[in-house]
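What follows is data_17.cif (mmCIF, C-alpha atoms (C1' of nucleotides)).
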data_protein
#
loop_
_atom_site.label_atom_id
_atom_site.label_comp_id
_atom_site.auth_asym_id
_atom_site.auth_seq_id
_atom_site.Cartn_x
_atom_site.Cartn_y
_atom_site.Cartn_z
CA MET H 26 -6.17 3.46 0.66
CA PRO H 27 -3.53 3.05 3.28
CA GLU H 28 -0.25 4.76 2.52
CA LEU H 29 2.52 5.52 4.98
CA PRO H 30 0.58 7.77 7.40
CA GLU H 31 -2.34 5.36 7.63
CA VAL H 32 -0.05 2.38 8.14
CA GLU H 33 1.83 4.25 10.84
CA VAL H 34 -1.44 4.91 12.65
CA VAL H 35 -2.11 1.17 12.53
CA ARG H 36 1.38 0.38 13.77
CA ARG H 37 0.91 2.64 16.77
CA GLY H 38 -2.45 1.06 17.50
CA LEU H 39 -0.97 -2.43 17.41
CA GLU H 40 1.90 -1.34 19.61
CA SER H 41 -0.60 -0.11 22.19
CA HIS H 42 -3.17 -2.86 21.98
CA ALA H 43 -1.84 -6.12 20.54
CA LEU H 44 1.43 -6.93 22.29
CA ASP H 45 2.42 -9.38 25.01
CA ARG H 46 -0.59 -11.68 25.03
CA LEU H 47 -0.31 -15.33 24.05
CA ILE H 48 -1.79 -16.29 20.69
CA THR H 49 -4.02 -19.24 21.50
CA ARG H 50 -5.68 -19.83 18.15
CA VAL H 51 -5.32 -18.75 14.52
CA ASP H 52 -8.17 -19.03 12.02
CA VAL H 53 -7.37 -18.53 8.35
CA LEU H 54 -10.80 -17.87 6.87
CA HIS H 55 -9.54 -17.20 3.35
CA GLU H 56 -6.43 -18.63 1.70
CA ARG H 57 -5.58 -15.65 -0.42
CA PRO H 58 -4.30 -13.29 2.25
CA VAL H 59 -1.66 -15.85 3.27
CA ARG H 60 -0.69 -16.68 -0.33
CA ARG H 61 2.83 -15.36 0.19
CA ASP H 62 3.51 -17.78 3.02
CA PRO H 63 5.34 -20.83 1.63
CA ALA H 64 4.02 -22.99 4.49
CA GLY H 65 0.41 -22.39 3.47
CA ALA H 66 -2.49 -21.59 5.74
CA SER H 67 -1.90 -24.46 8.15
CA GLY H 68 1.82 -23.85 8.43
CA PHE H 69 1.19 -20.18 8.93
CA ALA H 70 -1.21 -20.82 11.77
CA ALA H 71 1.01 -23.42 13.41
CA SER H 72 3.98 -21.06 13.40
CA LEU H 73 2.12 -18.43 15.38
CA ILE H 74 0.21 -20.37 17.99
CA GLY H 75 1.78 -20.21 21.44
CA ARG H 76 3.73 -17.03 20.80
CA THR H 77 3.22 -13.36 21.57
CA PHE H 78 3.74 -10.24 19.51
CA THR H 79 6.59 -8.34 21.11
CA ALA H 80 6.73 -5.16 19.02
CA ALA H 81 5.21 -3.40 16.01
CA ARG H 82 7.48 -2.16 13.24
CA ARG H 83 7.03 -0.53 9.85
CA ARG H 84 8.93 0.28 6.69
CA GLY H 85 7.00 2.16 4.04
CA LYS H 86 3.63 0.44 3.85
CA TYR H 87 4.81 -2.86 5.29
CA LEU H 88 4.17 -3.76 8.92
CA TRP H 89 5.70 -6.53 10.95
CA LEU H 90 5.28 -7.83 14.45
CA PRO H 91 8.32 -9.57 15.96
CA LEU H 92 7.40 -12.71 17.89
CA SER H 93 8.50 -14.34 21.10
CA PRO H 94 10.35 -17.64 20.53
CA ALA H 95 8.34 -20.75 19.66
CA SER H 96 7.38 -22.79 22.69
CA ALA H 97 9.44 -25.92 23.43
CA ALA H 98 6.43 -28.07 22.53
CA SER H 99 6.10 -26.61 19.02
CA VAL H 100 9.81 -26.84 18.40
CA SER H 101 10.03 -30.51 19.24
CA ALA H 102 6.85 -31.15 17.30
CA GLY H 103 8.60 -29.85 14.22
CA ALA H 104 11.51 -31.75 12.71
CA ALA H 105 14.60 -32.10 14.85
CA GLU H 106 16.46 -29.36 13.06
CA GLU H 107 19.95 -28.54 14.08
CA VAL H 108 20.14 -24.83 14.69
CA PRO H 109 23.75 -23.78 14.16
CA GLU H 110 24.15 -21.80 17.34
CA THR H 111 27.80 -20.97 16.90
CA GLY H 112 28.08 -18.79 19.91
CA ALA H 113 28.68 -15.29 18.64
CA ASP H 114 25.69 -14.64 16.40
CA ARG H 115 22.35 -15.30 17.91
CA VAL H 116 19.43 -16.18 15.68
CA ASP H 117 17.05 -13.32 15.02
CA ALA H 118 13.50 -13.67 16.26
CA ASP H 119 10.71 -14.47 13.81
CA ALA H 120 7.97 -12.06 12.82
CA LEU H 121 4.50 -11.77 11.40
CA LEU H 122 4.77 -9.70 8.23
CA GLY H 123 1.80 -7.85 6.83
CA HIS H 124 0.67 -5.47 4.12
CA LEU H 125 -2.73 -3.79 4.05
CA GLY H 126 -2.89 -3.55 0.26
CA MET H 127 -5.86 -1.50 -0.86
CA SER H 128 -8.43 -2.31 1.75
CA GLY H 129 -6.75 -4.16 4.60
CA GLN H 130 -7.48 -3.44 8.24
CA MET H 131 -5.96 -4.69 11.46
CA LEU H 132 -8.54 -4.61 14.20
CA VAL H 133 -8.27 -5.46 17.86
CA GLN H 134 -11.71 -6.62 18.96
CA PRO H 135 -13.06 -7.56 22.39
CA VAL H 136 -14.51 -10.97 23.30
CA GLY H 137 -17.76 -11.64 21.48
CA ALA H 138 -17.47 -9.00 18.78
CA PRO H 139 -19.32 -10.22 15.67
CA ASP H 140 -17.22 -11.21 12.66
CA GLU H 141 -16.70 -8.56 10.04
CA LYS H 142 -18.01 -9.36 6.55
CA HIS H 143 -14.50 -9.49 5.13
CA LEU H 144 -12.72 -11.06 8.06
CA ARG H 145 -9.84 -13.11 6.61
CA VAL H 146 -7.56 -14.06 9.49
CA ARG H 147 -8.27 -14.18 13.21
CA PHE H 148 -5.72 -14.34 16.02
CA VAL H 149 -7.33 -15.24 19.33
CA LEU H 150 -5.34 -13.89 22.26
CA GLU H 151 -5.20 -15.37 25.73
CA ASP H 152 -7.61 -12.85 27.22
CA GLY H 153 -10.18 -13.72 24.55
CA SER H 154 -9.74 -10.55 22.57
CA GLU H 155 -8.83 -10.92 18.91
CA LEU H 156 -6.48 -9.36 16.43
CA ARG H 157 -8.26 -9.50 13.09
CA PHE H 158 -7.10 -9.01 9.54
CA VAL H 159 -10.05 -7.72 7.55
CA ASP H 160 -9.61 -7.11 3.84
CA GLN H 161 -12.31 -6.71 1.24
CA ARG H 162 -10.19 -6.79 -1.93
CA MET H 163 -7.40 -8.97 -0.61
CA PHE H 164 -4.54 -7.16 -2.27
CA GLY H 165 -3.02 -7.22 1.18
CA GLY H 166 -1.71 -10.21 3.06
CA LEU H 167 0.09 -11.78 5.99
CA SER H 168 2.99 -14.19 6.19
CA PHE H 169 5.28 -15.75 8.75
CA SER H 170 8.80 -14.43 8.35
CA PRO H 171 11.49 -16.67 9.87
CA GLY H 172 14.14 -14.51 11.50
CA GLY H 173 12.36 -11.39 10.29
CA ALA H 174 12.24 -9.41 13.52
CA GLU H 175 14.79 -6.77 12.54
CA LEU H 176 13.85 -6.55 8.86
CA PRO H 177 12.13 -9.41 7.05
CA ASP H 178 14.13 -10.78 4.09
CA GLU H 179 10.96 -10.57 2.02
CA ILE H 180 11.07 -6.79 2.13
CA ALA H 181 14.82 -6.23 2.04
CA HIS H 182 14.35 -4.60 -1.37
CA ILE H 183 12.01 -1.95 0.02
CA ALA H 184 13.77 1.38 0.41
CA ARG H 185 13.70 3.32 3.64
CA ASP H 186 10.76 5.68 3.86
CA LEU H 187 10.67 9.45 4.17
CA LEU H 188 9.98 9.39 7.90
CA ASP H 189 12.96 7.13 8.55
CA PRO H 190 15.77 9.17 10.13
CA GLU H 191 18.24 7.15 8.06
CA PHE H 192 16.55 7.91 4.76
CA ASP H 193 19.25 9.34 2.49
CA ARG H 194 17.71 12.19 0.56
CA ASP H 195 20.84 12.89 -1.48
CA GLU H 196 21.05 9.30 -2.64
CA PHE H 197 17.40 9.42 -3.62
CA VAL H 198 18.07 12.56 -5.68
CA ARG H 199 21.05 10.93 -7.40
CA ARG H 200 19.15 7.80 -8.29
CA VAL H 201 16.09 9.63 -9.59
CA ARG H 202 18.21 11.79 -11.86
CA LYS H 203 19.68 8.74 -13.55
CA ARG H 204 16.31 7.41 -14.58
CA THR H 205 14.30 8.07 -17.72
CA SER H 206 10.98 7.06 -16.15
CA ALA H 207 8.34 9.60 -15.24
CA ILE H 208 8.85 11.21 -11.86
CA LYS H 209 5.51 9.98 -10.56
CA ARG H 210 6.44 6.40 -11.33
CA LEU H 211 9.74 6.91 -9.52
CA LEU H 212 7.96 8.41 -6.52
CA LEU H 213 5.79 5.30 -6.41
CA ASP H 214 8.77 2.95 -6.85
CA GLN H 215 9.20 1.37 -3.41
CA ASN H 216 12.82 0.50 -4.27
CA LEU H 217 13.72 4.20 -4.41
CA VAL H 218 11.63 5.53 -1.56
CA SER H 219 8.85 3.71 0.23
CA GLY H 220 5.52 4.68 1.68
CA VAL H 221 4.30 6.98 -1.08
CA GLY H 222 1.12 5.90 -2.87
CA ASN H 223 -1.04 7.48 -5.53
CA ILE H 224 -2.69 10.06 -3.28
CA TYR H 225 0.43 11.49 -1.61
CA ALA H 226 2.36 11.32 -4.87
CA ASP H 227 -0.17 13.66 -6.46
CA GLU H 228 -0.12 15.91 -3.40
CA ALA H 229 3.67 16.14 -3.34
CA LEU H 230 3.84 16.83 -7.08
CA TRP H 231 1.23 19.58 -6.74
CA ARG H 232 3.12 21.19 -3.88
CA ALA H 233 6.36 20.99 -5.84
CA GLY H 234 4.75 22.35 -9.00
CA LEU H 235 5.93 19.39 -11.03
CA HIS H 236 4.00 17.36 -13.58
CA GLY H 237 4.20 13.64 -12.83
CA GLU H 238 5.13 12.71 -16.37
CA ARG H 239 8.39 14.64 -16.40
CA PRO H 240 11.32 12.23 -16.72
CA GLY H 241 13.52 11.93 -13.63
CA GLU H 242 16.69 12.67 -15.59
CA ARG H 243 15.27 15.98 -16.79
CA LEU H 244 14.80 17.38 -13.30
CA ALA H 245 17.24 19.59 -11.43
CA ALA H 246 18.65 18.20 -8.19
CA THR H 247 16.90 21.00 -6.28
CA GLN H 248 13.56 20.05 -7.77
CA VAL H 249 13.90 16.42 -6.74
CA ARG H 250 15.10 17.38 -3.29
CA GLU H 251 12.17 19.72 -2.79
CA LEU H 252 9.77 17.11 -4.08
CA ALA H 253 11.04 14.70 -1.43
CA ALA H 254 10.66 17.41 1.20
CA HIS H 255 7.07 18.04 0.13
CA ALA H 256 6.27 14.33 0.20
CA HIS H 257 7.73 14.16 3.69
CA ASP H 258 5.72 17.18 4.83
CA VAL H 259 2.39 16.12 3.40
CA MET H 260 2.67 12.67 4.98
CA THR H 261 3.73 14.15 8.31
CA GLU H 262 0.72 16.46 8.28
CA ALA H 263 -1.59 13.60 7.36
CA LEU H 264 -0.17 11.50 10.17
CA ALA H 265 -0.78 14.28 12.65
CA GLN H 266 -4.45 14.34 11.68
CA GLY H 267 -4.94 10.61 11.21
CA GLY H 268 -3.31 9.93 14.52
CA THR H 269 -5.76 12.01 16.45
CA SER H 270 -8.68 9.64 16.49
CA PHE H 271 -8.60 6.03 17.46
CA ASP H 272 -9.95 4.57 20.64
CA ALA H 273 -8.71 1.74 22.78
CA LEU H 274 -9.89 -1.30 20.89
CA TYR H 275 -10.29 -0.17 17.35
CA VAL H 276 -7.01 0.13 15.49
CA ASN H 277 -7.99 2.74 13.02
CA VAL H 278 -7.68 1.88 9.39
CA ASN H 279 -10.75 2.91 7.53
CA GLY H 280 -9.03 2.39 4.20
CA GLN H 281 -9.68 6.02 3.41
CA SER H 282 -7.63 9.14 3.86
CA GLY H 283 -9.42 9.84 7.12
CA TYR H 284 -9.55 13.38 8.39
CA PHE H 285 -6.83 14.46 6.02
CA GLU H 286 -9.14 14.05 3.04
CA ARG H 287 -10.43 17.59 3.38
CA SER H 288 -6.86 18.87 3.26
CA LEU H 289 -6.04 17.33 -0.10
CA ASN H 290 -5.10 19.88 -2.75
CA ALA H 291 -4.86 17.63 -5.78
CA TYR H 292 -6.19 14.11 -5.37
CA GLY H 293 -9.86 13.76 -6.33
CA ARG H 294 -10.25 17.43 -7.31
CA GLU H 295 -11.00 17.10 -11.03
CA ASP H 296 -12.73 20.25 -12.38
CA GLU H 297 -12.32 22.02 -9.06
CA PRO H 298 -10.24 25.21 -8.85
CA CYS H 299 -6.55 24.88 -8.08
CA ARG H 300 -6.04 26.20 -4.57
CA ARG H 301 -2.99 28.12 -5.76
CA CYS H 302 -4.03 29.69 -9.06
CA GLY H 303 -7.72 28.94 -9.54
CA THR H 304 -7.33 26.98 -12.77
CA SER H 305 -9.57 23.95 -13.21
CA MET H 306 -7.78 20.83 -12.01
CA ARG H 307 -7.36 18.01 -14.51
CA ARG H 308 -7.49 14.26 -14.27
CA THR H 309 -5.55 11.94 -16.53
CA SER H 310 -4.94 8.23 -16.59
CA PHE H 311 -1.35 7.32 -15.86
CA MET H 312 -0.02 3.84 -15.08
CA ASN H 313 -3.60 2.57 -15.08
CA ARG H 314 -4.66 4.89 -12.28
CA SER H 315 -5.85 8.44 -11.88
CA SER H 316 -3.56 11.43 -11.67
CA TYR H 317 -4.80 14.85 -10.64
CA PHE H 318 -2.86 18.02 -11.39
CA CYS H 319 -3.12 21.71 -12.15
CA PRO H 320 -2.29 22.32 -15.83
CA VAL H 321 -0.87 25.77 -15.02
CA CYS H 322 1.13 25.09 -11.84
CA GLN H 323 2.29 21.71 -13.14
CA LYS H 324 3.26 22.13 -16.77
CA PRO H 325 3.27 18.82 -18.65
CA PRO H 326 6.50 17.99 -20.46
CA ARG H 327 6.46 18.97 -24.14
CA THR H 328 6.50 15.37 -25.31
CA SER H 329 3.23 14.41 -23.68
CA ARG H 330 -0.34 15.37 -24.31
"C1'" DC P 11 19.67 -3.86 -15.09
"C1'" DG P 12 16.02 -0.33 -16.56
"C1'" DT P 13 11.58 0.17 -18.48
"C1'" DT P 14 6.79 -0.75 -19.29
"C1'" DG P 15 2.43 -3.03 -19.03
"C1'" DC P 16 -0.59 -6.30 -16.87
"C1'" DG P 17 -3.25 -9.36 -13.61
"C1'" DC P 18 -4.90 -9.95 -9.25
"C1'" DC P 19 -9.45 -8.83 -6.19
"C1'" DT P 20 -14.53 -7.11 -4.79
"C1'" DG P 21 -17.95 -3.63 -4.21
"C1'" DT P 22 -19.90 0.62 -5.82
"C1'" DT P 23 -21.46 3.59 -9.26
"C1'" DA P 24 -22.38 5.29 -13.92
"C1'" DG P 25 -24.58 4.50 -18.11
"C1'" DC P 26 -27.46 2.25 -21.52
"C1'" DT I 2 -35.37 -2.43 -13.74
"C1'" DG I 3 -31.37 -5.08 -14.95
"C1'" DC I 4 -27.42 -5.62 -17.01
"C1'" DT I 5 -22.48 -4.39 -18.19
"C1'" DA I 6 -18.46 -1.48 -17.86
"C1'" DA I 7 -15.57 1.52 -15.46
"C1'" DC I 8 -13.27 2.52 -11.39
"C1'" DA I 9 -10.62 2.22 -7.00
"C1'" DG I 10 -4.75 0.90 -7.15
"C1'" DG I 11 -0.28 -1.58 -4.53
"C1'" DC I 12 2.56 -4.93 -5.82
"C1'" DG I 13 5.14 -8.48 -8.14
"C1'" DC I 14 6.30 -10.26 -12.25
"C1'" DA I 15 6.87 -11.01 -17.30
"C1'" DA I 16 8.70 -9.44 -21.49
"C1'" DC I 17 11.78 -6.68 -23.98
#

Spit out the file's structure as structure tokens when you get a sec.
Amino acid sequence: MPELPEVEVVRRGLESHALDRLITRVDVLHERPVRRDPAGASGFAASLIGRTFTAARRRGKYLWLPLSPASAASVSAGAAEEVPETGADRVDADALLGHLGMSGQMLVQPVGAPDEKHLRVRFVLEDGSELRFVDQRMFGGLSFSPGGAELPDEIAHIARDLLDPEFDRDEFVRRVRKRTSAIKRLLLDQNLVSGVGNIYADEALWRAGLHGERPGERLAATQVRELAAHAHDVMTEALAQGGTSFDALYVNVNGQSGYFERSLNAYGREDEPCRRCGTSMRRTSFMNRSSYFCPVCQKPPRTSR
DNA sequence: CGTTGCGCCTGTTAGC
DNA sequence: TGCTAACAGGCGCAAC
């Protein structure tokens, strides 16, 4: 499932292959992926036609593509709104906001490519190629974000991610140590730090030698700081491997961990030997999902199990 | 406000 | 063989 490294690979692909071509048509083939757009499927499509994607940005697992201004025709077709252009502050450009959820893909396909089974939204570009949102489970989605070019309002609550140069590690440590929740839940809390999902959370915890059910407030500052460093490192390494293989037209998101899968030390390794101490790895259910850990390297807190 | 649990989705696989 | 149940899990939201 796409976490930060996978989404960053997609962002880079879009930056290389989807910008600066007029959007001539938008087909919403399933309503659900645009459920977060208040204007509905038709409003969503209408907002995008006649524009171009001008950039590809990311925060955590969210992606957004800033848009060129609406054409004069579309503007006058809409209501005669008075835009308070008071001189000093200029209105931010709009954006297409997206999340891949569990199984979302953004594909750039050439003219004539057959539709994917789970094709949900199609953007036809002026050269006939298409940007496609393909999503089997539809946990992901797209929406039009008015003025969202810099940072969409819809995701203002999402914390900076570990690869963001402005991510404040000390603040993260402070906040974690005030919370009673389990450290794994905190690592997955996109309001504290974004981009970490179930797989990289388990990997970071394994590297740090911490059990995911230990309460944040019971951890030493050093432990939390090192955990953040490990999460940063494991995602950077995954990005380096995931970023190695995508060709010109296919914006790689296979929904899997890609080439990094063979490098995983915790996730999916139930009953296999811990790569540090040889003990059989365990799997438990936590927050309605699987957690993998080494019972020796990652001692559970006394209160659990 | 912090904490915790749940529903949304579809396809694959395990088990009876 | 054919059915059901479990599983994959990010996110927003409800309830306390």

Near chain H, which residues of chain I fall within 10 Å when you count all atoms listed in the file, and what do they look like as an NGL selection string? :I and (8-12)

By how many Å are CA of Met260 in chain H and CA of Ile224 in chain H apart? 10.2 Å

When you draw a straight line from CA of Thr49 in chain H to CA of Met131 in chain H, how long is it in Å?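 According to the coordinates, CA of Thr49 in chain H and CA of Met131 in chain H are separated by 17.8 Å.
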
For this structure, which residues satisfy the selection - the PyMOL selection byres ((chain P) within 9 of (chain H)) - when it is evaluated on the file as given? I want them as a PyMOL selection string. chain P and resi 12-13+15+18-21

Atomic separation - CA of Leu187 in chain H relative to CA of Arg287 in chain H, Å: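 It comes out at 22.6 Å.
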
Evaluate the PyMOL selection byres ((chain H and resi 34-44) around 6) against this structure - the residues, as number ranges by chain, please. H: 31-33, 45-46, 78-79, 81, 268, 276

Hey, can I get the axis-aligned box for range 86-97 of chain H? All listed atoms, 3 Å padding on each side, centre and edge lengths in Å to one decimal, as AutoDock Vina command-line options.
--center_x 7.0 --center_y -12.7 --center_z 13.6 --size_x 12.7 --size_y 32.4 --size_z 25.6

For the structure shown, which residues end up in the PyMOL selection byres ((chain I and resi 16) around 12)? Put them as number ranges by chain, please? P: 13-16; I: 14-15, 17
